[in-house]
Amino acid sequence: MNGSVFDRRSVLGGLVMTSAGISCADMAGAQGATASPVVETTGGKVRGTSNGGLSRFFGIPYGTDTGKHRFQPARAPAAWSGVRDCNVLGAKAPQGPITLPGISGKMDPAARGIPVMMSVATLTTAKVPESEDCLVLNVITPDASPRRKRPVMVWLHGGAFAMGSGFDPMTDGSVLAQSGDVVYVSLNHRLNAMGFLYLGALHEDFADSGNVGMLDIVLALQWVRDNISAFGGDPDDVTIFGQSGGGAKVSTLLGTVPARGLFHKAIAMSGPVVKLVEKADAEELARRTLATLGLAAADVHKIQALDYRTVIAAASAVRLPSNEGGVVGRTLAPMVDGRSIPAHPFDPVATTLSSDVPLMLGATKDEATLFMASDAALGAMGADEAKARFVALMGAGGEKAFAAYRAAYPGDDPSYLVSSMMTDRLFRTGSITMADRKSAQGAAPVYLYRVDYEPRVVDRLLRSPHGTEVPLVFGTKLPAGFIGSGPEVDRLSDVMRTAWLNFVRTGNPSQPGLAWPHYDAGKRLNMVFDTNSRVVADPDPIAHDAVAMGMA
């Protein structure tokens with residue numbers, strides 16, 4: 001195996017170059033395009049571009065400048081006169097660093113390969129500006145008219161509630177829209193401190209501040225309800241889907257009161273959320289942030305006038321000890337505020353707010369290898385070092401857990417025992433818990449999957465890392481340096497995209513020759529996506545034993 005750090009950095013370099021080489025005009029399909037039909041929305045008339053059988057609208061405002069109402073729910077935009085040209089991507093939200101709870105010890109940000117994850121999660125061109133005036137969405141449709149109603153897919157981007165934006169080359173929804181005859185929507189919303197810093201304990205003006213990033217998404221879904229029929233979509237057939245932080249947003253929306261009825265199916269990809277941030281932790285994070293900024297609690301309103309970069313830096317620097325697994329923990333993320341989110345979405349049981357919504361969810365087999373991509377020990381670690389990492393991450397239960405993983409995967413290099421444990425802790429165990437509790441309601445079907453395909457890059461060092469399913473589902477197969485290329489990739493992409501589209505159309509992801517039964521806690525049937533995709537009963541039992549080992 002050629003597992004040098006140099007080779008891993010070469011992959012990262014290829015990803016960054018992919019991003020830098022694609023302009024806004026390229027992504028918007030403007031080259032060789034003509035003007036789209038003019039579409040009437042509640043805000044006014046919009047015009048995009050048409051090319052290759054699709055019409056694309058970029059940067060449609062669904063909310064006003066959030067800088068004018070910082071830490072408060074967004075407002076719908078004022079109506080405009082004339083025709084608004086929507087052919088350029090709108091500003092992305094102010095960005096902040098990714099923090100993942102439950103990862104500590106020797107796995108510092110550099111060693112975890114966070115730059116790799118950031119490049120994979122968002123390849124948005126650097127030319128797209130960053131601004132608090134960021135509440136925009138994009139629509140790709142086969143027919144920009146109300147002549148026929150198509151299923152609608154609303155994509156929620158990844159980036160761990162801290163960074164990212166709604167459109168990049170890897171998540172260009174054109175293939176989905178064209179091959180599936182669906183209307184595709186993506187959006188930007190507030191992130192990190194600007195979207196999730198809870199100041200409600202300090203003043204009632206900020207009662208919703210801990211969840212305004214989620215309320216932005218609700219506002220966008222309300223826009224879809226009110227406008228998507230004019231773009232050829234069916235407002236009564238909306239599927240929300242997202243990966244990583246986007247999957248966590250989907251999971252959270254299932255338990256968000258004002259989102260009820262705005263979507264009808266949900267797909268959470270590598271983003272399980274069983275429990276959200278507790279109010280006490282959110283309050284403590286806010287207090288420490290204000291102290292860092294030199295503000296007294298009585299002066300909380302002054303935070304609205306500070307440079308947003310200063311606020312983000314201060315809030316992101318706060319570290320609260322994490323005792324939670326999953327994508328959210330004690331960090332800048334959605335919280336149980338007793339208002340828009342009255343309870344944890346899947347703890348102690350599944351929320352009843354979305355009991356009638358079919359759910360598809362899952363993760364890749366080796367999610368956490370991406371976070372270890374720059375760690376020279378990946379693929380070449382001694383047992384003592386691996387055991388020490390278990391203990392550093394898990395405390396007293398670390399040695400017991402290490403022994404359990406070593407027994408479950410006896411032939412693995414010890415570094416993959418570490419990555420498997422991290423994968424379960426952050427993604428797989430939460431997905432199983434969500435599926436168990438959702439299926440226990442008996443109200444709507446649940447479908448659970450695992451992606452086992454190992455891209456034929458970097459000597460398969462990363463195996464099936466975080467993000468593997470995204471370019472396959474979207475059919476973009478970008479970046480090639482991450483997912484690979486060739487007939488094998490093409491076939492798997494067709495299978496996965498078909499499953500996603502069938503679920504969007506019918507609520508059942510089965511396809512000819514590949515029946516996908518719904519999940520229940522007895523059989524634990526999973527669809528395993530690989531070169532030979534198949535249904536497997538309980539493919540990784542150690543993941544749902546993680547609770548007993550003190551991992552989640």
# chains A, B, ... in the order shown; residues from 1 in each chain; ligands from 1
>>> select_by_dssp(residues="range 182-418 of chain A", states="alpha helix (DSSP H)", output="ChimeraX atom specification")
/A:192-196,212-227,245-253,279-293,308-317,383-394,398-408,414-418
>>> write_last_selection(atoms="C-alpha atoms", output="short mmCIF file (atom, residue, chain, number, x, y, z; two decimals), in the first residue's frame")
data_model
loop_
_atom_site.label_atom_id
_atom_site.label_comp_id
_atom_site.auth_asym_id
_atom_site.auth_seq_id
_atom_site.Cartn_x
_atom_site.Cartn_y
_atom_site.Cartn_z
CA ASN A 192 -22.27 28.76 12.99
CA ALA A 193 -22.64 31.65 15.47
CA MET A 194 -24.88 33.69 13.20
CA GLY A 195 -27.33 30.81 12.95
CA PHE A 196 -27.00 28.98 16.27
CA VAL A 212 -32.50 30.87 13.45
CA GLY A 213 -30.41 28.88 10.98
CA MET A 214 -33.11 26.20 11.00
CA LEU A 215 -35.86 28.82 10.83
CA ASP A 216 -34.17 30.15 7.69
CA ILE A 217 -34.67 26.70 6.14
CA VAL A 218 -38.30 26.75 7.23
CA LEU A 219 -38.70 30.12 5.49
CA ALA A 220 -37.18 28.61 2.33
CA LEU A 221 -39.58 25.65 2.52
CA GLN A 222 -42.46 28.10 2.86
CA TRP A 223 -41.18 29.78 -0.32
CA VAL A 224 -41.20 26.38 -2.02
CA ARG A 225 -44.77 25.78 -0.86
CA ASP A 226 -45.92 29.13 -2.23
CA ASN A 227 -43.91 29.29 -5.47
CA GLY A 245 -24.48 18.55 8.29
CA GLY A 246 -27.25 18.55 5.68
CA GLY A 247 -28.41 15.14 6.90
CA ALA A 248 -28.37 16.55 10.42
CA LYS A 249 -30.58 19.42 9.24
CA VAL A 250 -33.01 16.88 7.77
CA SER A 251 -33.02 14.93 11.04
CA THR A 252 -33.64 18.15 12.98
CA LEU A 253 -36.47 19.32 10.71
CA LYS A 279 -30.43 24.66 26.51
CA ALA A 280 -28.05 24.79 29.49
CA ASP A 281 -25.08 24.07 27.24
CA ALA A 282 -26.23 26.65 24.70
CA GLU A 283 -26.54 29.23 27.47
CA GLU A 284 -23.05 28.45 28.77
CA LEU A 285 -21.56 28.71 25.30
CA ALA A 286 -23.19 32.13 24.86
CA ARG A 287 -21.91 33.37 28.23
CA ARG A 288 -18.37 32.35 27.37
CA THR A 289 -18.66 33.93 23.94
CA LEU A 290 -19.76 37.27 25.39
CA ALA A 291 -16.93 37.11 27.92
CA THR A 292 -14.45 36.56 25.08
CA LEU A 293 -15.92 39.57 23.29
CA TYR A 308 -19.58 39.06 12.19
CA ARG A 309 -16.08 37.61 11.76
CA THR A 310 -15.25 38.67 15.32
CA VAL A 311 -18.40 37.05 16.66
CA ILE A 312 -17.79 33.79 14.78
CA ALA A 313 -14.18 33.60 15.92
CA ALA A 314 -15.14 34.14 19.56
CA ALA A 315 -17.98 31.61 19.58
CA SER A 316 -16.00 29.00 17.65
CA ALA A 317 -13.14 29.22 20.14
CA ALA A 383 -2.32 -1.94 18.66
CA ASP A 384 -1.03 0.03 21.63
CA GLU A 385 -1.45 3.31 19.77
CA ALA A 386 -4.98 2.34 18.71
CA LYS A 387 -5.92 1.36 22.25
CA ALA A 388 -4.57 4.68 23.52
CA ARG A 389 -6.78 6.53 21.04
CA PHE A 390 -9.82 4.58 22.18
CA VAL A 391 -9.07 5.57 25.76
CA ALA A 392 -8.42 9.20 24.81
CA LEU A 393 -11.79 9.37 23.07
CA MET A 394 -13.87 7.27 25.41
CA GLY A 398 -12.01 2.73 25.92
CA GLU A 399 -10.16 -0.50 26.65
CA LYS A 400 -13.37 -2.55 26.67
CA ALA A 401 -14.48 -0.99 23.41
CA PHE A 402 -11.08 -1.58 21.79
CA ALA A 403 -11.28 -5.27 22.69
CA ALA A 404 -14.81 -5.46 21.24
CA TYR A 405 -13.78 -3.87 17.95
CA ARG A 406 -10.67 -6.02 17.71
CA ALA A 407 -12.85 -9.13 18.13
CA ALA A 408 -15.34 -7.85 15.54
CA PRO A 414 -5.63 -1.20 14.30
CA SER A 415 -6.05 2.25 12.72
CA TYR A 416 -9.25 1.01 11.10
CA LEU A 417 -10.53 -0.12 14.48
CA VAL A 418 -10.19 3.53 15.51
#
>>> residues_around(residues="range 237-244 of chain A", least_positions_apart="6", cutoff="7 Å", atoms="only C-alpha atoms", output="VMD selection string")
chain A and resid 151 to 160 250 263 to 271 504
>>> closest_atom_pairs(of="range 390-503 of chain A", to="range 161-169 of chain A", cutoff="12 Å", atoms="only C-alpha atoms", output="Markdown table")
| residue | atom | partner | partner_atom | distance |
| --- | --- | --- | --- | --- |
| A:Val470 | CA | A:Pro169 | CA | 11.2 |
| A:Pro471 | CA | A:Pro169 | CA | 9.3 |
| A:Phe474 | CA | A:Pro169 | CA | 10.0 |
| A:Gly475 | CA | A:Pro169 | CA | 10.7 |
| A:Thr476 | CA | A:Pro169 | CA | 7.4 |
| A:Lys477 | CA | A:Pro169 | CA | 9.5 |
| A:Leu478 | CA | A:Pro169 | CA | 7.1 |
| A:Pro479 | CA | A:Pro169 | CA | 8.4 |
| A:Ala480 | CA | A:Pro169 | CA | 11.6 |
>>> write_last_selection(atoms="C-alpha atoms", output="PDB file, in the first residue's frame")
ATOM      1  CA  VAL A 470     -22.849  12.265  -2.672  1.00  0.00           C
ATOM      2  CA  PRO A 471     -21.296  12.310  -6.180  1.00  0.00           C
ATOM      3  CA  PHE A 474     -26.078  13.304  -7.799  1.00  0.00           C
ATOM      4  CA  GLY A 475     -24.575  11.610 -10.841  1.00  0.00           C
ATOM      5  CA  THR A 476     -21.861  14.259 -11.061  1.00  0.00           C
ATOM      6  CA  LYS A 477     -19.105  11.796 -10.096  1.00  0.00           C
ATOM      7  CA  LEU A 478     -17.012  14.776  -9.048  1.00  0.00           C
ATOM      8  CA  PRO A 479     -14.294  15.128  -8.030  1.00  0.00           C
ATOM      9  CA  ALA A 480     -12.819  12.157  -9.868  1.00  0.00           C
TER      10      ALA A 480
END
>>> closest_residue(among="A:Thr468, A:Thr498, A:Thr66, A:Ser229", to="Met170 in chain A", atoms="only C-alpha atoms")
A:Thr468
>>> residues_around(residues="Arg450 in chain A", least_positions_apart="6", cutoff="7 Å", atoms="only C-alpha atoms", output="ChimeraX atom specification")
/A:362-365,526-529
>>> write_last_selection(atoms="N, CA and C atoms", output="PDB file, in the first residue's frame")
ATOM      1  N   GLY A 362     -28.897   6.624   6.287  1.00  0.00           N
ATOM      2  CA  GLY A 362     -27.783   5.697   6.343  1.00  0.00           C
ATOM      3  C   GLY A 362     -26.462   6.423   6.390  1.00  0.00           C
ATOM      4  N   ALA A 363     -25.393   5.653   6.197  1.00  0.00           N
ATOM      5  CA  ALA A 363     -24.041   6.188   6.295  1.00  0.00           C
ATOM      6  C   ALA A 363     -23.115   5.320   5.469  1.00  0.00           C
ATOM      7  N   THR A 364     -21.883   5.755   5.321  1.00  0.00           N
ATOM      8  CA  THR A 364     -20.893   4.932   4.648  1.00  0.00           C
ATOM      9  C   THR A 364     -20.210   4.035   5.673  1.00  0.00           C
ATOM     10  N   LYS A 365     -19.589   2.989   5.182  1.00  0.00           N
ATOM     11  CA  LYS A 365     -18.982   2.001   6.080  1.00  0.00           C
ATOM     12  C   LYS A 365     -17.803   2.560   6.851  1.00  0.00           C
ATOM     13  N   ASN A 526     -30.731  -3.856   5.929  1.00  0.00           N
ATOM     14  CA  ASN A 526     -30.046  -2.710   5.331  1.00  0.00           C
ATOM     15  C   ASN A 526     -29.804  -2.975   3.850  1.00  0.00           C
ATOM     16  N   MET A 527     -29.942  -1.933   3.055  1.00  0.00           N
ATOM     17  CA  MET A 527     -29.430  -2.008   1.690  1.00  0.00           C
ATOM     18  C   MET A 527     -27.952  -1.639   1.737  1.00  0.00           C
ATOM     19  N   VAL A 528     -27.111  -2.534   1.254  1.00  0.00           N
ATOM     20  CA  VAL A 528     -25.675  -2.281   1.192  1.00  0.00           C
ATOM     21  C   VAL A 528     -25.327  -1.962  -0.257  1.00  0.00           C
ATOM     22  N   PHE A 529     -24.848  -0.746  -0.507  1.00  0.00           N
ATOM     23  CA  PHE A 529     -24.499  -0.321  -1.857  1.00  0.00           C
ATOM     24  C   PHE A 529     -23.025  -0.599  -2.120  1.00  0.00           C
TER      25      PHE A 529
END
>>> closest_residue(among="A:Ser493, A:Thr369, A:Thr531, A:Asn502", to="His466 in chain A", atoms="only C-alpha atoms")
A:Thr369
>>> closest_residue(among="A:Met421, A:Val473, A:Val536, A:Leu370", to="Tyr449 in chain A", atoms="only C-alpha atoms")
A:Val536
>>> residues_around(residues="range 345-351 of chain A", least_positions_apart="6", cutoff="9 Å", atoms="only C-alpha atoms", output="short mmCIF file (atom, residue, chain, number, x, y, z; two decimals) with C-alpha atoms, in the first residue's frame")
data_model
loop_
_atom_site.label_atom_id
_atom_site.label_comp_id
_atom_site.auth_asym_id
_atom_site.auth_seq_id
_atom_site.Cartn_x
_atom_site.Cartn_y
_atom_site.Cartn_z
CA SER A 251 -33.02 14.93 11.04
CA THR A 252 -33.64 18.15 12.98
CA LEU A 253 -36.47 19.32 10.71
CA LEU A 254 -38.33 16.11 11.49
CA GLY A 255 -38.79 17.52 15.01
CA THR A 256 -39.22 21.22 14.13
CA VAL A 273 -29.46 13.49 15.09
CA VAL A 274 -30.91 11.66 18.06
CA LYS A 275 -30.37 14.50 20.54
CA LEU A 276 -29.79 18.19 19.99
CA THR A 433 -31.21 4.45 16.77
CA MET A 434 -33.22 6.78 14.55
CA ASP A 436 -35.29 1.76 15.45
CA ARG A 437 -37.36 4.52 17.01
CA LYS A 438 -38.97 5.70 13.80
CA SER A 439 -39.98 2.15 12.82
CA ALA A 440 -41.39 1.56 16.30
CA GLN A 441 -44.06 4.18 15.56
#
>>> select_by_dssp(residues="range 334-480 of chain A", states="strand (DSSP E or B)", output="PyMOL selection string")
chain A and resi 335+359-364+446-451
>>> write_last_selection(atoms="N, CA and C atoms", output="PDB file, in the first residue's frame")
ATOM      1  N   MET A 335     -30.765  23.501  18.854  1.00  0.00           N
ATOM      2  CA  MET A 335     -30.959  23.223  20.275  1.00  0.00           C
ATOM      3  C   MET A 335     -32.437  23.000  20.574  1.00  0.00           C
ATOM      4  N   LEU A 359     -39.000   7.880   5.785  1.00  0.00           N
ATOM      5  CA  LEU A 359     -37.617   8.289   6.040  1.00  0.00           C
ATOM      6  C   LEU A 359     -36.650   7.272   5.460  1.00  0.00           C
ATOM      7  N   MET A 360     -35.650   7.763   4.751  1.00  0.00           N
ATOM      8  CA  MET A 360     -34.529   6.951   4.287  1.00  0.00           C
ATOM      9  C   MET A 360     -33.274   7.543   4.893  1.00  0.00           C
ATOM     10  N   LEU A 361     -32.429   6.708   5.458  1.00  0.00           N
ATOM     11  CA  LEU A 361     -31.218   7.230   6.082  1.00  0.00           C
ATOM     12  C   LEU A 361     -30.133   6.170   6.082  1.00  0.00           C
ATOM     13  N   GLY A 362     -28.897   6.624   6.287  1.00  0.00           N
ATOM     14  CA  GLY A 362     -27.783   5.697   6.343  1.00  0.00           C
ATOM     15  C   GLY A 362     -26.462   6.423   6.390  1.00  0.00           C
ATOM     16  N   ALA A 363     -25.393   5.653   6.197  1.00  0.00           N
ATOM     17  CA  ALA A 363     -24.041   6.188   6.295  1.00  0.00           C
ATOM     18  C   ALA A 363     -23.115   5.320   5.469  1.00  0.00           C
ATOM     19  N   THR A 364     -21.883   5.755   5.321  1.00  0.00           N
ATOM     20  CA  THR A 364     -20.893   4.932   4.648  1.00  0.00           C
ATOM     21  C   THR A 364     -20.210   4.035   5.673  1.00  0.00           C
ATOM     22  N   VAL A 446     -39.448   3.126   7.079  1.00  0.00           N
ATOM     23  CA  VAL A 446     -38.068   3.566   7.234  1.00  0.00           C
ATOM     24  C   VAL A 446     -37.196   2.649   6.385  1.00  0.00           C
ATOM     25  N   TYR A 447     -36.217   3.228   5.715  1.00  0.00           N
ATOM     26  CA  TYR A 447     -35.271   2.457   4.905  1.00  0.00           C
ATOM     27  C   TYR A 447     -33.856   2.835   5.333  1.00  0.00           C
ATOM     28  N   LEU A 448     -33.075   1.829   5.711  1.00  0.00           N
ATOM     29  CA  LEU A 448     -31.722   2.066   6.200  1.00  0.00           C
ATOM     30  C   LEU A 448     -30.715   1.501   5.207  1.00  0.00           C
ATOM     31  N   TYR A 449     -29.632   2.245   4.968  1.00  0.00           N
ATOM     32  CA  TYR A 449     -28.609   1.797   4.027  1.00  0.00           C
ATOM     33  C   TYR A 449     -27.216   1.963   4.616  1.00  0.00           C
ATOM     34  N   ARG A 450     -26.267   1.276   3.976  1.00  0.00           N
ATOM     35  CA  ARG A 450     -24.848   1.487   4.239  1.00  0.00           C
ATOM     36  C   ARG A 450     -24.123   1.448   2.909  1.00  0.00           C
ATOM     37  N   VAL A 451     -23.204   2.360   2.702  1.00  0.00           N
ATOM     38  CA  VAL A 451     -22.410   2.402   1.473  1.00  0.00           C
ATOM     39  C   VAL A 451     -21.067   1.735   1.756  1.00  0.00           C
TER      40      VAL A 451
END
